[in-house]
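So this one's my_file-v8.csv, CSV, C-alpha atoms:
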chain,number,residue,atom,x,y,z
N,1,LYS,CA,107.3,67.0,114.5
N,2,CYS,CA,103.9,68.8,114.9
N,3,GLY,CA,104.9,70.0,118.3
N,4,SER,CA,107.5,72.4,116.8
N,5,SER,CA,104.6,74.7,115.6
N,6,LEU,CA,102.3,74.3,118.6
N,7,ASN,CA,101.5,77.7,120.1
N,8,ILE,CA,98.7,77.0,122.6
N,9,VAL,CA,98.2,74.0,124.9
N,10,SER,CA,95.6,73.3,127.5
N,11,PHE,CA,95.5,70.5,130.0
N,12,ASN,CA,92.5,71.0,132.2
N,13,GLY,CA,91.6,68.2,134.6
N,14,CYS,CA,93.8,65.7,132.7
N,15,LYS,CA,94.3,63.2,135.5
N,16,GLN,CA,96.3,60.8,133.4
N,17,ILE,CA,98.8,63.4,132.2
N,18,THR,CA,102.1,63.2,134.1
N,19,ASP,CA,105.5,64.8,134.3
N,20,HIS,CA,106.6,62.5,131.4
N,21,SER,CA,104.3,64.5,129.0
N,22,ILE,CA,105.8,67.8,130.2
N,23,GLU,CA,109.5,66.9,130.4
N,24,ASP,CA,109.8,64.5,127.5
N,25,GLY,CA,107.1,66.1,125.4
N,26,LEU,CA,106.4,69.8,125.7
N,27,LEU,CA,109.9,70.6,127.1
N,28,LYS,CA,111.7,68.9,124.2
N,29,TYR,CA,109.5,69.6,121.2
N,30,CYS,CA,107.2,72.6,121.9
N,31,MET,CA,109.5,75.6,122.0
N,32,VAL,CA,107.2,78.2,120.6
N,33,LEU,CA,104.3,78.0,123.1
N,34,HIS,CA,102.9,81.3,124.1
N,35,ASN,CA,99.7,80.2,125.9
N,36,ILE,CA,99.7,77.4,128.5
N,37,THR,CA,97.0,76.0,130.7
N,38,ILE,CA,97.9,73.3,133.2
N,39,SER,CA,95.0,73.2,135.6
N,40,ASN,CA,93.9,70.6,138.1
N,41,CYS,CA,96.3,68.0,136.8
N,42,ALA,CA,97.0,66.0,139.9
N,43,ASN,CA,99.9,64.0,138.4
N,44,VAL,CA,101.8,66.9,137.0
N,45,SER,CA,104.3,68.3,139.5
N,46,ILE,CA,105.0,71.9,140.0
N,47,THR,CA,108.7,71.2,139.4
N,48,SER,CA,108.0,70.0,135.9
N,49,ILE,CA,105.8,73.0,135.2
N,50,CYS,CA,108.7,75.3,136.3
N,51,LYS,CA,111.1,73.6,134.0
N,52,LEU,CA,108.8,74.2,131.1
N,53,LEU,CA,108.2,77.8,132.0
N,54,ILE,CA,111.9,78.5,132.2
N,55,SER,CA,112.6,76.9,128.8
N,56,ILE,CA,110.0,79.0,127.0
N,57,SER,CA,109.9,82.1,129.1
N,58,HIS,CA,110.8,84.6,126.5
N,59,GLN,CA,107.7,84.2,124.4
N,60,LEU,CA,105.1,83.1,127.0
N,61,LYS,CA,102.1,85.5,127.0
N,62,GLU,CA,99.3,83.6,128.8
N,63,LEU,CA,99.6,81.3,131.8
N,64,ASN,CA,96.8,79.4,133.5
N,65,LEU,CA,97.8,77.4,136.6
N,66,SER,CA,94.3,77.5,138.2
N,67,GLN,CA,93.6,74.9,140.9
N,68,THR,CA,97.3,74.2,141.4
N,69,PHE,CA,96.9,73.7,145.1
N,70,ASP,CA,100.6,73.3,146.1
N,71,LEU,CA,101.9,76.5,144.6
N,72,THR,CA,104.6,78.1,146.8
N,73,ARG,CA,106.7,81.3,146.8
N,74,LYS,CA,109.4,79.4,145.0
N,75,GLU,CA,107.3,78.8,141.9
N,76,ILE,CA,106.0,82.4,141.9
N,77,GLU,CA,109.6,83.5,141.9
N,78,VAL,CA,110.2,81.4,138.8
N,79,ILE,CA,107.2,82.9,137.1
N,80,SER,CA,108.0,86.5,138.0
N,81,THR,CA,111.7,86.1,137.2
N,82,HIS,CA,111.5,84.2,133.9
N,83,CYS,CA,108.1,85.1,132.5
N,84,SER,CA,108.1,88.9,132.8
N,85,SER,CA,106.3,89.3,129.4
N,86,LEU,CA,103.1,87.6,130.6
N,87,ARG,CA,99.9,89.5,129.7
N,88,SER,CA,97.5,87.1,131.3
N,89,ILE,CA,97.9,85.2,134.6
N,90,ASN,CA,95.2,82.8,136.0
N,91,LEU,CA,95.8,81.6,139.5
N,92,PHE,CA,92.1,80.8,140.3
N,93,SER,CA,91.7,78.6,143.4
N,94,CYS,CA,95.5,78.5,144.0
N,95,VAL,CA,94.7,78.6,147.7
N,96,THR,CA,98.2,79.0,148.9
N,97,VAL,CA,98.8,82.3,147.2
N,98,ASN,CA,99.3,85.2,149.6
N,99,ASP,CA,100.2,88.9,149.5
N,100,SER,CA,104.0,88.4,149.3
N,101,MET,CA,103.5,86.1,146.3
N,102,VAL,CA,101.2,88.6,144.5
N,103,ALA,CA,103.8,91.3,145.2
N,104,LEU,CA,106.4,89.4,143.3
N,105,LEU,CA,104.1,89.1,140.3
N,106,THR,CA,103.0,92.8,140.3
N,107,THR,CA,106.6,93.9,140.6
N,108,HIS,CA,108.2,91.8,137.9
N,109,CYS,CA,105.3,90.9,135.4
N,110,THR,CA,104.8,94.5,134.4
N,111,ALA,CA,102.9,93.7,131.1
N,112,VAL,CA,100.0,92.0,132.8
N,113,LEU,CA,96.6,93.0,131.4
N,114,GLU,CA,94.4,90.2,132.9
N,115,LEU,CA,94.8,88.7,136.3
N,116,ASN,CA,92.6,86.0,138.0
N,117,LEU,CA,93.0,85.7,141.8
N,118,GLY,CA,89.6,84.2,142.4
N,119,ARG,CA,89.4,82.0,145.5
N,120,CYS,CA,92.9,83.1,146.6
N,121,SER,CA,91.4,83.6,150.0
N,122,ASN,CA,94.6,84.6,151.8
N,123,ILE,CA,95.1,87.8,149.9
N,124,THR,CA,94.3,91.2,151.5
N,125,ASP,CA,93.9,94.8,150.3
N,126,GLU,CA,97.7,95.0,150.3
N,127,SER,CA,97.8,92.9,147.1
N,128,ILE,CA,95.3,94.9,145.3
N,129,VAL,CA,96.8,98.3,146.4
N,130,ASN,CA,100.2,97.2,145.0
N,131,LEU,CA,98.5,95.8,141.8
N,132,ALA,CA,96.6,99.0,141.2
N,133,GLU,CA,99.6,101.3,141.7
N,134,LYS,CA,101.9,99.3,139.4
N,135,HIS,CA,99.4,98.2,136.7
N,136,PRO,CA,97.3,101.2,135.6
N,137,GLN,CA,96.9,99.4,132.2
N,138,LEU,CA,94.9,96.5,133.8
N,139,LEU,CA,91.9,95.4,131.8
N,140,SER,CA,90.5,92.4,133.6
N,141,LEU,CA,90.5,91.3,137.3
N,142,CYS,CA,88.9,88.5,139.1
N,143,LEU,CA,88.7,88.6,142.9
N,144,SER,CA,85.8,86.3,143.4
N,145,GLU,CA,85.7,84.8,146.9
N,146,CYS,CA,88.6,86.9,148.2
N,147,HIS,CA,86.8,87.4,151.5
N,148,LEU,CA,89.4,89.6,153.2
N,149,LEU,CA,89.2,92.4,150.6
N,150,THR,CA,87.4,95.6,151.6
N,151,ASN,CA,86.5,98.9,149.9
N,152,VAL,CA,90.2,99.9,150.1
N,153,SER,CA,90.9,97.6,147.1
N,154,LEU,CA,88.1,99.1,145.0
N,155,LEU,CA,89.2,102.7,145.8
N,156,PHE,CA,92.7,102.1,144.7
N,157,LEU,CA,91.4,100.4,141.5
N,158,ALA,CA,89.1,103.3,140.9
N,159,ASN,CA,91.9,105.8,141.2
N,160,ASN,CA,94.6,104.0,139.3
N,161,CYS,CA,93.0,101.4,136.8
N,162,ARG,CA,90.6,103.5,134.8
N,163,SER,CA,90.9,101.3,131.7
N,164,LEU,CA,89.4,98.4,133.6
N,165,GLN,CA,86.8,96.5,131.4
N,166,SER,CA,86.0,93.4,133.5
N,167,ILE,CA,85.9,92.9,137.2
N,168,ASP,CA,84.5,90.1,139.4
N,169,VAL,CA,84.1,90.8,143.1
N,170,SER,CA,81.5,88.2,143.7
N,171,TYR,CA,81.2,86.9,147.3
N,172,CYS,CA,83.5,89.7,148.5
N,173,ASN,CA,81.0,90.5,151.2
N,174,ARG,CA,83.0,93.3,152.9
N,175,ILE,CA,82.5,95.5,149.9
N,176,THR,CA,79.9,98.2,150.1
N,177,ASP,CA,78.6,101.2,148.1
N,178,ASP,CA,81.5,103.2,149.4
N,179,GLY,CA,83.9,101.2,147.3
N,180,MET,CA,81.6,100.2,144.4
N,181,ILE,CA,80.4,103.7,143.5
N,182,PRO,CA,83.8,105.3,143.0
N,183,LEU,CA,84.9,102.3,140.9
N,184,LEU,CA,81.9,102.6,138.6
N,185,ARG,CA,82.2,106.4,138.4
N,186,ASN,CA,85.9,106.3,137.5
N,187,CYS,CA,86.2,103.1,135.4
N,188,GLN,CA,83.7,103.9,132.7
N,189,SER,CA,85.0,101.2,130.3
N,190,ILE,CA,83.6,98.4,132.5
N,191,SER,CA,81.4,96.2,130.4
N,192,ASP,CA,81.6,93.0,132.6
N,193,LEU,CA,80.7,93.3,136.3
N,194,ASN,CA,80.0,90.5,138.7
N,195,MET,CA,79.1,91.4,142.2
N,196,SER,CA,77.0,88.4,143.1
N,197,GLU,CA,76.4,88.0,146.8
N,198,CYS,CA,77.9,91.4,147.6
N,199,PHE,CA,75.0,91.9,150.0
N,200,GLN,CA,76.1,95.3,151.3
N,201,VAL,CA,76.0,96.8,147.8
N,202,SER,CA,72.7,98.6,147.1
N,203,ASP,CA,70.7,100.3,144.3
N,204,LYS,CA,72.9,103.4,144.8
N,205,SER,CA,75.8,101.6,143.0
N,206,LEU,CA,73.6,100.3,140.2
N,207,LEU,CA,72.2,103.8,139.6
N,208,ILE,CA,75.8,105.0,138.8
N,209,LEU,CA,75.6,102.7,135.7
N,210,LEU,CA,72.6,104.7,134.5
N,211,LEU,CA,74.0,108.2,135.4
N,212,HIS,CA,77.5,107.7,134.0
N,213,PRO,CA,78.2,106.5,130.5
N,214,HIS,CA,79.6,102.9,130.2
N,215,GLN,CA,80.3,100.6,127.4
N,216,ASP,CA,77.2,99.2,125.7
N,217,ASN,CA,76.1,95.6,126.1
N,218,GLY,CA,77.6,95.3,129.6
N,219,PHE,CA,76.8,92.2,131.7
N,220,ILE,CA,75.8,93.2,135.2
N,221,ASN,CA,75.4,90.4,137.6
N,222,LYS,CA,74.0,91.1,141.1
N,223,ARG,CA,72.3,88.3,142.9
N,224,SER,CA,70.4,88.7,146.2
N,225,PRO,CA,71.4,86.4,149.0
N,226,ALA,CA,69.3,83.2,149.2
Could the structure of this file be written out as structure tokens, please?
Amino acid sequence: KCGSSLNIVSFNGCKQITDHSIEDGLLKYCMVLHNITISNCANVSITSICKLLISISHQLKELNLSQTFDLTRKEIEVISTHCSSLRSINLFSCVTVNDSMVALLTTHCTAVLELNLGRCSNITDESIVNLAEKHPQLLSLCLSECHLLTNVSLLFLANNCRSLQSIDVSYCNRITDDGMIPLLRNCQSISDLNMSECFQVSDKSLLILLLHPHQDNGFINKRSPA
């Protein structure tokens, strides 16, 4: 059976994939998976996803559940309890995610290097403060459209996550130079920065990129409001 050697599987927008594929397919025959994407699959239940995660939890390194709109604390508890070796977690546009759910992940998934919380619009600075304090090894963070975040989040990242290489704070319109400047000063490995529509960030922040050495070939994205 070819599934016995399958390491990576991605179901993104597969509207015809159902629980049958998960429970009678992946769950039975794909026991060496270490990278799973199940995103925007309307006919796959979160219950089936949790069964799969529990069965392969010991080797799972990357998990993408973006656009899983019915994610609850119960499922986050499964991830944090059984998938503690995860290095990459993508919860983009999982709109039900809140501070208490992020706290579970930051407490138990201690190996995380990449985290995508874009469009998780319920999270506040509390989530990012906890993340920064517990994950100084963090390399990549997406916070796009997390409208409740303020400079507090950037200050904690600046002081704790100095190995950060990629950060997306686009459409976080409460962020100003007071948060961006310390981040760029302290996190000198940043090579991928997206601050589109951060209309309170000025030239002062961008000048830090010139005055302080950063990785070459960085992508800086700053777009003025329309």
Please, which residues in stretch 58-86 of chain N fall within 10 Å of stretch 24-33 of chain N when counting all atoms listed in the file, and what is the closest atom pair and distance in Å to one decimal for each, ordered by chain then residue number, as a tab-separated table?
residue	atom	partner	partner_atom	distance
N:His58	CA	N:Val32	CA	9.4
N:Gln59	CA	N:Val32	CA	7.1
N:Leu60	CA	N:Leu33	CA	6.5
N:Lys61	CA	N:Leu33	CA	8.7
N:Glu62	CA	N:Leu33	CA	9.4
Item to complete: Please provide as number ranges by chain all residues within 7 Å of N:Arg119, with the sequence filter that same-chain residues fewer than 3 positions apart are discarded (counting all atoms listed in the file).
Response: N: 92-93, 95, 144-146
Go ahead and write the residues just picked, C-alpha atoms, as a PDB file, in the frame of the given file.
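Saved as selection.pdb:
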ATOM      1  CA  PHE N  92      92.100  80.800 140.300  1.00  0.00           C
ATOM      2  CA  SER N  93      91.700  78.600 143.400  1.00  0.00           C
ATOM      3  CA  VAL N  95      94.700  78.600 147.700  1.00  0.00           C
ATOM      4  CA  SER N 144      85.800  86.300 143.400  1.00  0.00           C
ATOM      5  CA  GLU N 145      85.700  84.800 146.900  1.00  0.00           C
ATOM      6  CA  CYS N 146      88.600  86.900 148.200  1.00  0.00           C
TER       7      CYS N 146
END
Discussion item. Could you list, as a PyMOL selection string, every residue within 9 Å of N:Ser100, counting all atoms listed in the file and ignoring same-chain residues fewer than 5 positions away?
Written reply: chain N and resi 73+123+127
Worksheet item: How many Å separate atom CA of N:Leu209 from atom CA of N:Val112?
Response: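 Value for the atom CA of N:Leu209-atom CA of N:Val112 distance: 26.8 Å.
Between atom CA of N:Val169 and atom CA of N:Ile79 there is a distance of 25.1 Å.
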Considering only C-alpha atoms, tabulate each residue of stretch 98-171 of chain N that lies at most 10 Å from stretch 194-206 of chain N along with its nearest interatomic pair and the corresponding distance in Å to one decimal; arrange the rows by chain and ascending residue number and present them as a tab-separated table.
residue	atom	partner	partner_atom	distance
N:Cys142	CA	N:Asn194	CA	9.1
N:Leu143	CA	N:Asn194	CA	9.8
N:Ser144	CA	N:Met195	CA	8.5
N:Glu145	CA	N:Glu197	CA	9.8
N:Ser166	CA	N:Asn194	CA	8.5
N:Ile167	CA	N:Asn194	CA	6.5
N:Asp168	CA	N:Asn194	CA	4.6
N:Val169	CA	N:Met195	CA	5.1
N:Ser170	CA	N:Met195	CA	4.3
N:Tyr171	CA	N:Glu197	CA	4.9
Item to complete: Excluding stretch 42-55 of chain N and any residue of its chain fewer than 4 positions from it, enumerate the residues within 12 Å of it, using all atoms listed in the file, and give them as a VMD selection string.
Response: chain N and resid 11 to 38 59 to 86
Worksheet item: With distances taken over all atoms listed in the file, which of N:Asn151, N:Asn160, N:Ser121, N:Asn116 is nearest to N:Pro136?
Response: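 Closest to N:Pro136 of all the choices is N:Asn160.
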Worksheet item: If you measure from atom CA of N:Val129 to atom CA of N:Leu210, what distance in Å do you get, rounded to one decimal?
Response: 27.7 Å
Worksheet item: N:Leu211, N:Leu164, N:Val102, N:Ile128: which is nearest N:Glu114, counting only C-alpha atoms?
Response: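 Ranking N:Leu211, N:Leu164, N:Val102, N:Ile128 by distance to N:Glu114, first place goes to N:Leu164.
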Worksheet item: Of the candidates N:Leu113, N:Leu141, N:Leu105, N:Ile175, which one gets nearest to N:Leu193 if we count only C-alpha atoms?
Response: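 Going through N:Leu113, N:Leu141, N:Leu105, N:Ile175 one by one, the smallest distance to N:Leu193 is for N:Leu141.
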Show me, as a short mmCIF file (atom, residue, chain, number, x, y, z; two decimals) with C-alpha atoms, in the frame of the given file, the residues that have an atom within 10 Å of N:Leu155 when counting all atoms listed in the file, minus same-chain residues fewer than 2 positions from it.
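Final file, result_6.cif:
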data_model
loop_
_atom_site.label_atom_id
_atom_site.label_comp_id
_atom_site.auth_asym_id
_atom_site.auth_seq_id
_atom_site.Cartn_x
_atom_site.Cartn_y
_atom_site.Cartn_z
CA ILE N 128 95.30 94.90 145.30
CA VAL N 129 96.80 98.30 146.40
CA ALA N 132 96.60 99.00 141.20
CA THR N 150 87.40 95.60 151.60
CA ASN N 151 86.50 98.90 149.90
CA VAL N 152 90.20 99.90 150.10
CA SER N 153 90.90 97.60 147.10
CA LEU N 157 91.40 100.40 141.50
CA ALA N 158 89.10 103.30 140.90
CA ASN N 159 91.90 105.80 141.20
CA ASN N 160 94.60 104.00 139.30
CA CYS N 161 93.00 101.40 136.80
CA ASP N 178 81.50 103.20 149.40
CA GLY N 179 83.90 101.20 147.30
CA MET N 180 81.60 100.20 144.40
CA ILE N 181 80.40 103.70 143.50
CA PRO N 182 83.80 105.30 143.00
CA LEU N 183 84.90 102.30 140.90
CA ASN N 186 85.90 106.30 137.50
#
Fill in: Distance criterion (all atoms listed in the file): nearest to N:Cys172 out of N:Ile190, N:Thr124, N:Arg185, N:Phe156
N:Thr124
